[in-house]
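Colleague: Handing over query_32.pdb, PDB, C-alpha atoms, pLDDT in the B column.
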ATOM      1  CA  MET P 223     102.095 123.112  32.631  1.00 62.00           C
ATOM      2  CA  VAL P 224     104.171 121.334  35.216  1.00 66.00           C
ATOM      3  CA  ALA P 225     102.468 118.808  37.384  1.00 69.00           C
ATOM      4  CA  ALA P 226     103.997 119.022  40.813  1.00 71.00           C
ATOM      5  CA  THR P 227     103.806 116.082  43.098  1.00 76.00           C
ATOM      6  CA  ILE P 228     102.737 117.186  46.479  1.00 78.00           C
ATOM      7  CA  GLU P 229     104.248 115.133  49.241  1.00 79.00           C
ATOM      8  CA  PRO P 230     101.805 114.501  52.039  1.00 78.00           C
ATOM      9  CA  VAL P 231     102.951 116.405  55.097  1.00 80.00           C
ATOM     10  CA  PRO P 232     102.935 114.215  58.194  1.00 76.00           C
ATOM     11  CA  ALA P 233     100.796 115.607  60.983  1.00 75.00           C
ATOM     12  CA  PRO P 234     103.014 117.196  63.623  1.00 72.00           C
ATOM     13  CA  GLU P 235     103.353 115.370  66.939  1.00 73.00           C
ATOM     14  CA  PRO P 236     100.881 116.923  69.327  1.00 74.00           C
ATOM     15  CA  LYS P 237     102.847 119.237  71.601  1.00 85.00           C
ATOM     16  CA  ALA P 238     103.037 118.084  75.204  1.00 91.00           C
ATOM     17  CA  LYS P 239     101.214 120.213  77.732  1.00 96.00           C
ATOM     18  CA  SER P 240     103.469 122.296  79.903  1.00 98.00           C
ATOM     19  CA  MET P 241     103.623 123.827  83.353  1.00 98.00           C
ATOM     20  CA  SER P 242     105.817 126.355  85.068  1.00 98.00           C
ATOM     21  CA  ILE P 243     106.168 127.013  88.788  1.00 98.00           C
ATOM     22  CA  ILE P 244     107.782 129.993  90.502  1.00 98.00           C
ATOM     23  CA  VAL P 245     109.230 128.640  93.744  1.00 98.00           C
ATOM     24  CA  THR P 246     109.577 131.353  96.367  1.00 98.00           C
ATOM     25  CA  LYS P 247     109.494 129.567  99.704  1.00 97.00           C
ATOM     26  CA  GLY P 248     112.068 127.280 101.260  1.00 96.00           C
ATOM     27  CA  THR P 249     110.698 126.006 104.551  1.00 95.00           C
ATOM     28  CA  LEU P 250     110.177 122.276 105.047  1.00 94.00           C
ATOM     29  CA  ASP P 251     106.411 122.529 104.587  1.00 94.00           C
ATOM     30  CA  TRP P 252     106.386 124.961 101.660  1.00 96.00           C
ATOM     31  CA  ALA P 253     109.025 122.992  99.787  1.00 97.00           C
ATOM     32  CA  TYR P 254     106.486 120.239  99.190  1.00 97.00           C
ATOM     33  CA  PRO P 255     103.844 121.713  96.860  1.00 98.00           C
ATOM     34  CA  PRO P 256     106.262 122.705  94.069  1.00 98.00           C
ATOM     35  CA  PHE P 257     108.139 119.407  94.089  1.00 98.00           C
ATOM     36  CA  ILE P 258     105.002 117.258  94.391  1.00 98.00           C
ATOM     37  CA  LEU P 259     103.350 119.090  91.509  1.00 98.00           C
ATOM     38  CA  SER P 260     106.426 119.161  89.281  1.00 98.00           C
ATOM     39  CA  THR P 261     107.186 115.445  89.666  1.00 97.00           C
ATOM     40  CA  THR P 262     103.548 114.465  89.166  1.00 97.00           C
ATOM     41  CA  ALA P 263     103.109 116.701  86.142  1.00 98.00           C
ATOM     42  CA  ALA P 264     106.282 115.269  84.602  1.00 97.00           C
ATOM     43  CA  ALA P 265     104.955 111.748  85.275  1.00 97.00           C
ATOM     44  CA  MET P 266     101.759 112.749  83.461  1.00 96.00           C
ATOM     45  CA  GLY P 267     103.720 113.786  80.394  1.00 96.00           C
ATOM     46  CA  LEU P 268     103.954 117.542  80.895  1.00 97.00           C
ATOM     47  CA  ASP P 269     107.056 119.608  80.202  1.00 97.00           C
ATOM     48  CA  VAL P 270     107.823 121.259  83.526  1.00 98.00           C
ATOM     49  CA  THR P 271     109.962 124.267  84.400  1.00 98.00           C
ATOM     50  CA  MET P 272     110.684 125.445  87.947  1.00 98.00           C
ATOM     51  CA  PHE P 273     112.020 128.934  88.590  1.00 98.00           C
ATOM     52  CA  PHE P 274     113.705 129.240  91.997  1.00 98.00           C
ATOM     53  CA  THR P 275     113.801 132.702  93.479  1.00 97.00           C
ATOM     54  CA  PHE P 276     114.263 134.347  96.881  1.00 97.00           C
ATOM     55  CA  TYR P 277     113.767 131.818  99.684  1.00 97.00           C
ATOM     56  CA  GLY P 278     112.995 129.085  97.190  1.00 97.00           C
ATOM     57  CA  LEU P 279     116.527 129.253  95.808  1.00 97.00           C
ATOM     58  CA  PRO P 280     118.186 127.353  98.691  1.00 96.00           C
ATOM     59  CA  LEU P 281     116.069 124.333  97.710  1.00 97.00           C
ATOM     60  CA  LEU P 282     118.695 123.814  95.011  1.00 97.00           C
ATOM     61  CA  LEU P 283     121.586 123.576  97.473  1.00 96.00           C
ATOM     62  CA  LYS P 284     123.442 120.264  97.618  1.00 95.00           C
ATOM     63  CA  ASN P 285     123.023 120.167 101.368  1.00 93.00           C
ATOM     64  CA  LEU P 286     119.386 120.707 102.121  1.00 93.00           C
ATOM     65  CA  ASP P 287     118.768 121.900 105.647  1.00 90.00           C
ATOM     66  CA  LEU P 288     115.027 122.414 105.864  1.00 94.00           C
ATOM     67  CA  HIS P 289     113.235 123.778 108.874  1.00 92.00           C
ATOM     68  CA  LEU P 290     109.834 125.006 109.780  1.00 89.00           C
ATOM     69  CA  SER P 291     108.473 127.388 112.345  1.00 86.00           C
ATOM     70  CA  PRO P 292     105.026 127.588 113.896  1.00 84.00           C
ATOM     71  CA  LEU P 293     105.594 131.363 114.197  1.00 87.00           C
ATOM     72  CA  GLY P 294     102.899 133.337 112.435  1.00 85.00           C
ATOM     73  CA  ASN P 295     101.156 130.175 111.327  1.00 84.00           C
ATOM     74  CA  PRO P 296      98.037 129.623 113.435  1.00 84.00           C
ATOM     75  CA  ALA P 297      96.800 127.090 110.851  1.00 86.00           C
ATOM     76  CA  MET P 298      99.641 124.713 111.704  1.00 87.00           C
ATOM     77  CA  LYS P 299      98.194 122.152 114.062  1.00 87.00           C
ATOM     78  CA  MET P 300      99.932 118.883 114.819  1.00 85.00           C
ATOM     79  CA  PRO P 301      97.971 115.724 115.581  1.00 87.00           C
ATOM     80  CA  LEU P 302      98.378 114.830 119.221  1.00 85.00           C
ATOM     81  CA  GLY P 303      96.572 111.984 120.932  1.00 88.00           C
ATOM     82  CA  GLY P 304      93.545 112.156 118.659  1.00 90.00           C
ATOM     83  CA  MET P 305      93.389 115.971 118.918  1.00 91.00           C
ATOM     84  CA  HIS P 306      95.143 118.755 117.086  1.00 90.00           C
ATOM     85  CA  MET P 307      97.430 121.146 118.844  1.00 86.00           C
ATOM     86  CA  GLY P 308      98.426 124.596 117.624  1.00 85.00           C
ATOM     87  CA  MET P 309     101.368 126.501 119.014  1.00 82.00           C
ATOM     88  CA  PRO P 310     101.013 130.062 120.318  1.00 83.00           C
ATOM     89  CA  ASN P 311     103.315 132.553 118.597  1.00 83.00           C
ATOM     90  CA  PHE P 312     105.280 133.359 121.728  1.00 83.00           C
ATOM     91  CA  ALA P 313     106.358 129.705 121.998  1.00 81.00           C
ATOM     92  CA  SER P 314     108.509 130.138 118.905  1.00 81.00           C
ATOM     93  CA  VAL P 315     110.908 132.419 120.779  1.00 84.00           C
ATOM     94  CA  ILE P 316     111.729 129.589 123.174  1.00 87.00           C
ATOM     95  CA  PRO P 317     115.017 128.086 121.999  1.00 87.00           C
ATOM     96  CA  GLY P 318     114.513 124.663 120.494  1.00 89.00           C
ATOM     97  CA  ILE P 319     110.805 124.980 119.733  1.00 87.00           C
ATOM     98  CA  ASP P 320     111.306 125.387 115.968  1.00 87.00           C
ATOM     99  CA  ALA P 321     113.784 122.509 115.966  1.00 90.00           C
ATOM    100  CA  ALA P 322     111.307 120.350 117.874  1.00 89.00           C
ATOM    101  CA  ALA P 323     108.498 121.209 115.443  1.00 89.00           C
ATOM    102  CA  THR P 324     110.806 120.372 112.529  1.00 92.00           C
ATOM    103  CA  THR P 325     111.749 116.999 114.027  1.00 92.00           C
ATOM    104  CA  MET P 326     108.117 116.265 114.776  1.00 90.00           C
ATOM    105  CA  MET P 327     107.082 117.049 111.196  1.00 92.00           C
ATOM    106  CA  LYS P 328     109.904 114.975 109.705  1.00 93.00           C
ATOM    107  CA  ASN P 329     108.989 111.988 111.896  1.00 93.00           C
ATOM    108  CA  MET P 330     105.332 112.312 110.992  1.00 92.00           C
ATOM    109  CA  MET P 331     106.158 112.439 107.286  1.00 93.00           C
ATOM    110  CA  LYS P 332     108.327 109.354 107.532  1.00 93.00           C
ATOM    111  CA  LYS P 333     105.638 107.461 109.402  1.00 93.00           C
ATOM    112  CA  LYS P 334     102.964 108.413 106.856  1.00 92.00           C
ATOM    113  CA  GLY P 335     105.051 107.444 103.832  1.00 93.00           C
ATOM    114  CA  VAL P 336     105.510 111.001 102.581  1.00 94.00           C
ATOM    115  CA  ALA P 337     108.559 111.326 100.336  1.00 94.00           C
ATOM    116  CA  SER P 338     111.466 113.480 101.488  1.00 95.00           C
ATOM    117  CA  ILE P 339     112.230 116.688  99.602  1.00 96.00           C
ATOM    118  CA  GLN P 340     115.599 115.195  98.645  1.00 95.00           C
ATOM    119  CA  ASP P 341     113.848 112.246  96.999  1.00 95.00           C
ATOM    120  CA  LEU P 342     111.265 114.375  95.211  1.00 96.00           C
ATOM    121  CA  ARG P 343     113.988 116.703  93.960  1.00 97.00           C
ATOM    122  CA  SER P 344     116.001 113.761  92.576  1.00 95.00           C
ATOM    123  CA  LEU P 345     112.857 112.405  90.925  1.00 95.00           C
ATOM    124  CA  ALA P 346     112.191 115.816  89.390  1.00 96.00           C
ATOM    125  CA  ILE P 347     115.680 115.955  87.893  1.00 96.00           C
ATOM    126  CA  GLU P 348     115.445 112.351  86.740  1.00 93.00           C
ATOM    127  CA  SER P 349     112.194 113.055  84.934  1.00 93.00           C
ATOM    128  CA  GLY P 350     113.653 116.002  83.066  1.00 95.00           C
ATOM    129  CA  VAL P 351     112.144 118.922  84.970  1.00 97.00           C
ATOM    130  CA  ARG P 352     113.938 122.079  83.843  1.00 97.00           C
ATOM    131  CA  MET P 353     115.219 124.145  86.767  1.00 97.00           C
ATOM    132  CA  ILE P 354     116.184 127.798  86.590  1.00 97.00           C
ATOM    133  CA  ALA P 355     118.011 129.523  89.447  1.00 96.00           C
ATOM    134  CA  CYS P 356     117.266 133.235  89.709  1.00 96.00           C
ATOM    135  CA  GLN P 357     120.501 135.087  88.961  1.00 95.00           C
ATOM    136  CA  MET P 358     119.491 138.136  90.976  1.00 93.00           C
ATOM    137  CA  THR P 359     118.790 136.034  94.082  1.00 95.00           C
ATOM    138  CA  MET P 360     122.125 134.244  93.612  1.00 93.00           C
ATOM    139  CA  ASP P 361     123.875 137.642  93.712  1.00 92.00           C
ATOM    140  CA  LEU P 362     121.727 139.029  96.510  1.00 95.00           C
ATOM    141  CA  PHE P 363     122.258 136.158  98.921  1.00 95.00           C
ATOM    142  CA  GLU P 364     125.763 135.345  97.643  1.00 94.00           C
ATOM    143  CA  TYR P 365     125.142 131.818  96.482  1.00 94.00           C
ATOM    144  CA  SER P 366     127.353 130.055  93.984  1.00 92.00           C
ATOM    145  CA  LEU P 367     126.401 127.404  91.452  1.00 90.00           C
ATOM    146  CA  LYS P 368     129.167 125.319  93.032  1.00 92.00           C
ATOM    147  CA  ASP P 369     126.986 124.870  96.115  1.00 93.00           C
ATOM    148  CA  MET P 370     124.001 123.766  94.043  1.00 94.00           C
ATOM    149  CA  ILE P 371     123.021 120.376  92.713  1.00 95.00           C
ATOM    150  CA  GLU P 372     123.853 119.683  89.092  1.00 92.00           C
ATOM    151  CA  GLY P 373     121.228 120.603  86.566  1.00 90.00           C
ATOM    152  CA  PRO P 374     119.898 124.117  87.290  1.00 94.00           C
ATOM    153  CA  GLU P 375     120.672 126.847  84.783  1.00 94.00           C
ATOM    154  CA  LEU P 376     120.818 130.550  85.578  1.00 95.00           C
ATOM    155  CA  GLY P 377     118.171 132.936  84.366  1.00 95.00           C
ATOM    156  CA  GLY P 378     116.223 136.050  85.105  1.00 93.00           C
ATOM    157  CA  ALA P 379     112.723 137.414  84.898  1.00 93.00           C
ATOM    158  CA  ALA P 380     112.713 137.514  81.092  1.00 93.00           C
ATOM    159  CA  THR P 381     113.807 133.873  80.934  1.00 95.00           C
ATOM    160  CA  TYR P 382     110.877 132.936  83.127  1.00 96.00           C
ATOM    161  CA  ILE P 383     108.368 135.100  81.258  1.00 96.00           C
ATOM    162  CA  GLU P 384     109.351 133.447  77.995  1.00 95.00           C
ATOM    163  CA  VAL P 385     108.686 130.047  79.569  1.00 96.00           C
ATOM    164  CA  ALA P 386     105.392 131.289  81.024  1.00 97.00           C
ATOM    165  CA  THR P 387     104.106 132.549  77.666  1.00 96.00           C
ATOM    166  CA  GLN P 388     104.587 129.034  76.291  1.00 96.00           C
ATOM    167  CA  SER P 389     103.150 127.121  79.255  1.00 97.00           C
ATOM    168  CA  ASP P 390      99.597 125.882  79.692  1.00 97.00           C
ATOM    169  CA  ILE P 391      99.791 126.182  83.478  1.00 97.00           C
ATOM    170  CA  ASN P 392     101.730 128.810  85.441  1.00 98.00           C
ATOM    171  CA  LEU P 393     101.885 128.604  89.229  1.00 98.00           C
ATOM    172  CA  PHE P 394     103.377 130.842  91.885  1.00 98.00           C
ATOM    173  CA  ILE P 395     104.162 129.082  95.147  1.00 97.00           C
TER     174      ILE P 395
ATOM    175  CA  MET D 263      97.345  88.175  85.896  1.00 81.00           C
ATOM    176  CA  ALA D 264      99.194  91.414  85.310  1.00 90.00           C
ATOM    177  CA  ASP D 265     102.605  91.353  83.659  1.00 94.00           C
ATOM    178  CA  GLN D 266     104.167  93.138  86.612  1.00 96.00           C
ATOM    179  CA  THR D 267     103.188  94.105  90.144  1.00 97.00           C
ATOM    180  CA  LEU D 268     104.165  97.275  91.951  1.00 97.00           C
ATOM    181  CA  ASP D 269     103.858  97.344  95.712  1.00 98.00           C
ATOM    182  CA  ALA D 270     103.146 100.951  96.672  1.00 97.00           C
ATOM    183  CA  LYS D 271     101.600 100.122 100.035  1.00 97.00           C
ATOM    184  CA  GLY D 272     102.462 102.611 102.768  1.00 95.00           C
ATOM    185  CA  LEU D 273     103.469 105.292 100.275  1.00 95.00           C
ATOM    186  CA  ASN D 274     101.704 108.618 100.193  1.00 95.00           C
ATOM    187  CA  CYS D 275     100.894 111.079  97.410  1.00 94.00           C
ATOM    188  CA  PRO D 276     102.460 111.428  94.881  1.00 96.00           C
ATOM    189  CA  LEU D 277     104.728 108.393  95.240  1.00 96.00           C
ATOM    190  CA  PRO D 278     102.287 105.681  94.026  1.00 96.00           C
ATOM    191  CA  ILE D 279     101.792 107.642  90.784  1.00 97.00           C
ATOM    192  CA  LEU D 280     105.510 108.362  90.343  1.00 96.00           C
ATOM    193  CA  ARG D 281     106.480 104.730  90.931  1.00 96.00           C
ATOM    194  CA  ALA D 282     103.716 103.526  88.611  1.00 97.00           C
ATOM    195  CA  LYS D 283     104.891 105.856  85.861  1.00 96.00           C
ATOM    196  CA  LYS D 284     108.421 104.485  86.233  1.00 95.00           C
ATOM    197  CA  ALA D 285     107.208 100.884  86.157  1.00 96.00           C
ATOM    198  CA  LEU D 286     105.043 101.532  83.078  1.00 96.00           C
ATOM    199  CA  GLN D 287     108.059 102.893  81.233  1.00 94.00           C
ATOM    200  CA  SER D 288     109.851  99.586  81.646  1.00 94.00           C
ATOM    201  CA  LEU D 289     106.880  97.646  80.219  1.00 96.00           C
ATOM    202  CA  LYS D 290     106.115  96.873  76.590  1.00 95.00           C
ATOM    203  CA  PRO D 291     103.125  98.736  75.088  1.00 96.00           C
ATOM    204  CA  GLY D 292      99.951  96.773  75.807  1.00 96.00           C
ATOM    205  CA  SER D 293     101.385  95.095  78.915  1.00 96.00           C
ATOM    206  CA  THR D 294      99.657  95.444  82.240  1.00 97.00           C
ATOM    207  CA  LEU D 295     100.838  96.700  85.594  1.00 97.00           C
ATOM    208  CA  GLU D 296      99.190  95.878  88.888  1.00 97.00           C
ATOM    209  CA  VAL D 297      99.587  98.548  91.585  1.00 98.00           C
ATOM    210  CA  LEU D 298      98.812  97.867  95.236  1.00 98.00           C
ATOM    211  CA  ALA D 299      98.383 100.937  97.426  1.00 97.00           C
ATOM    212  CA  THR D 300      97.037 102.021 100.779  1.00 97.00           C
ATOM    213  CA  ASP D 301      96.655 105.725  99.967  1.00 95.00           C
ATOM    214  CA  PRO D 302      92.898 106.378  99.549  1.00 94.00           C
ATOM    215  CA  GLY D 303      93.738 109.394  97.368  1.00 94.00           C
ATOM    216  CA  ALA D 304      95.252 107.030  94.816  1.00 96.00           C
ATOM    217  CA  VAL D 305      91.772 106.025  93.585  1.00 96.00           C
ATOM    218  CA  LYS D 306      91.006 109.412  92.064  1.00 95.00           C
ATOM    219  CA  ASP D 307      94.621 110.059  91.189  1.00 96.00           C
ATOM    220  CA  PHE D 308      95.042 106.924  89.063  1.00 97.00           C
ATOM    221  CA  GLU D 309      91.835 107.806  87.203  1.00 96.00           C
ATOM    222  CA  ALA D 310      93.184 111.293  86.452  1.00 95.00           C
ATOM    223  CA  PHE D 311      96.644 109.942  85.633  1.00 97.00           C
ATOM    224  CA  CYS D 312      95.208 107.524  83.076  1.00 97.00           C
ATOM    225  CA  ARG D 313      92.822 110.067  81.515  1.00 96.00           C
ATOM    226  CA  THR D 314      95.721 112.479  81.028  1.00 95.00           C
ATOM    227  CA  THR D 315      98.417 110.070  79.857  1.00 95.00           C
ATOM    228  CA  GLY D 316      96.322 107.716  77.727  1.00 95.00           C
ATOM    229  CA  HIS D 317      97.244 104.581  79.669  1.00 97.00           C
ATOM    230  CA  GLU D 318      94.203 102.439  80.318  1.00 97.00           C
ATOM    231  CA  LEU D 319      92.833 101.902  83.821  1.00 97.00           C
ATOM    232  CA  VAL D 320      91.591  98.349  83.379  1.00 97.00           C
ATOM    233  CA  GLU D 321      90.570  97.816  86.966  1.00 96.00           C
ATOM    234  CA  SER D 322      90.260  99.721  90.222  1.00 97.00           C
ATOM    235  CA  SER D 323      89.152  97.725  93.235  1.00 97.00           C
ATOM    236  CA  THR D 324      89.430  97.596  97.012  1.00 96.00           C
ATOM    237  CA  GLU D 325      90.210  94.623  99.204  1.00 93.00           C
ATOM    238  CA  GLY D 326      90.058  95.644 102.837  1.00 94.00           C
ATOM    239  CA  LYS D 327      92.468  98.545 103.180  1.00 94.00           C
ATOM    240  CA  ILE D 328      94.345  97.740  99.997  1.00 97.00           C
ATOM    241  CA  TYR D 329      93.558  99.507  96.743  1.00 97.00           C
ATOM    242  CA  ARG D 330      94.325  97.532  93.631  1.00 97.00           C
ATOM    243  CA  PHE D 331      94.752  99.062  90.190  1.00 98.00           C
ATOM    244  CA  ILE D 332      95.461  97.424  86.858  1.00 97.00           C
ATOM    245  CA  LEU D 333      96.949  99.724  84.257  1.00 97.00           C
ATOM    246  CA  ARG D 334      97.599  98.874  80.634  1.00 97.00           C
ATOM    247  CA  ARG D 335     100.470 100.711  78.990  1.00 97.00           C
ATOM    248  CA  LYS D 336      99.310 102.665  75.984  1.00 94.00           C
ATOM    249  CA  ALA D 337     100.403 101.521  72.558  1.00 87.00           C
TER     250      ALA D 337
END
Would you encode the structure as C-alpha cells?

Modeller:
Amino acid sequence: MVAATIEPVPAPEPKAKSMSIIVTKGTLDWAYPPFILSTTAAAMGLDVTMFFTFYGLPLLLKNLDLHLSPLGNPAMKMPLGGMHMGMPNFASVIPGIDAAATTMMKNMMKKKGVASIQDLRSLAIESGVRMIACQMTMDLFEYSLKDMIEGPELGGAATYIEVATQSDINLFI
Amino acid sequence: MADQTLDAKGLNCPLPILRAKKALQSLKPGSTLEVLATDPGAVKDFEAFCRTTGHELVESSTEGKIYRFILRRKA
C-alpha cells in the first residue's frame, strides 16, 4: 500500500462580482447612467464590461460632441428661478433651441460639481473597465477604430452574451 | 487624526466615491482616510461602498453642511 501525501489545496480567491452594461444611447443626458455606474462599480471592486451599440457607440469617439434635445421629452424640466420649466415639443424646431438646452445643461452640471462624460470615461478606462464596440454598428454607421479612444475591442452579440452569462448584474441602458 | 484627508467638497455623485477609492489605494492597509464632502447622497453611498468593498467606515458625521467620513483601508 502506498501512502500518498495529500497537499492541502489553497482555497481559491473569491471571484469578484461582475457587471455588464449595454450602452445604446449617446445624448448628453443618457451618456451619464452607464458611465456613472461603470466607474462606481469598478471602484467597488466589480469587473465591469460595457458594450457600445447603436447610438451609444459614438461615446467611444475621441472627440465627444454631446448634445441633448427637449424634443419628445416632457419629463425634462430645467430649474428656473425656483421653478421648473419644461419645453413644448414645437420649440425644438426653432434653430438654436437644442444648442441652448445643451449649453444650459452643461453649465448646470459644472456648477453642481457633476463630472463631465470625458472625465468619467477616462476614469472608467483607468479603472480597467472592459469596453466592447459593436462591430455591426461600426459597419452600419461607417465608424473606424482610428476615430475611437484607445482601449475598446470589437465584438458582436455573441461576445456580449458570453460576458452576460458570467456577470452578476446585466443592464441595458 | 486620519492618515490622509481628501477634500471632495463641491463634487457630486459619483466623484466623492471615485476619489476616495483612488486615495485608499495609495494608503497602506489599516491606514485611515478622512473624506470631506458636501453631497448629501454621500452618506448612504459611503456606507454601501464600505459594506461592499470591506473597507471600514469608522466615522460618519455632519458639521454644518459638510459631511465627514473616516474610512480605514482593509487589511

Colleague: What is the atom CA of Ala346 of chain P-atom CA of Leu393 of chain P distance in Å, reported with one decimal?

Modeller: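 Atom-to-atom, atom CA of Ala346 of chain P to atom CA of Leu393 of chain P, that is 16.4 Å.
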
Colleague: Could you check which of D:Leu268, D:Met263, D:Cys312, D:Leu289 is closest to chain P, using all atoms listed in the file?

Modeller: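 Of D:Leu268, D:Met263, D:Cys312, D:Leu289, the one nearest chain P, counting all atoms listed in the file, is D:Cys312.
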
Colleague: Can you give me, as a PyMOL selection string, the residues this file yields under the PyMOL selection byres ((chain D) within 6 of (chain P))?

Modeller: chain D and resi 272-274+283+315

Colleague: May I ask which of the residues D:Lys271, D:Arg334, D:Arg281, D:Lys306 is the closest one to Thr294 of chain D, counting all atoms listed in the file?

Modeller: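 Of D:Lys271, D:Arg334, D:Arg281, D:Lys306, the one nearest Thr294 of chain D, counting all atoms listed in the file, is D:Arg334.
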
Colleague: Written as a PyMOL selection string, what is the full residue list that the PyMOL selection byres ((chain P and resi 322-325) around 12) yields on the file shown?

Modeller: chain P and resi 249-251+287-293+298-301+307-309+313-314+316-321+326-332

Colleague: Give me, please, the distance in Å between atom CA of Met353 of chain P and atom CA of Asp369 of chain P, quoted to one decimal.

Modeller: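 Going from atom CA of Met353 of chain P over to atom CA of Asp369 of chain P, I get 15.0 Å.
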
Colleague: For Ile383 of chain P, which of P:Ala238, P:Ile354, P:Leu279, P:Ile347 is the closest residue, counting all atoms listed in the file?

Modeller: P:Ile354

Colleague: Give, as JSON, the centre coordinates and the x, y and z edge lengths in Å to one decimal for an axis-aligned box around all listed atoms of segment 301-314 of chain D, padded by 3 Å on each side.

Modeller:
{"center_x": 93.8, "center_y": 109.1, "center_z": 90.5, "size_x": 11.6, "size_y": 12.8, "size_z": 24.9}
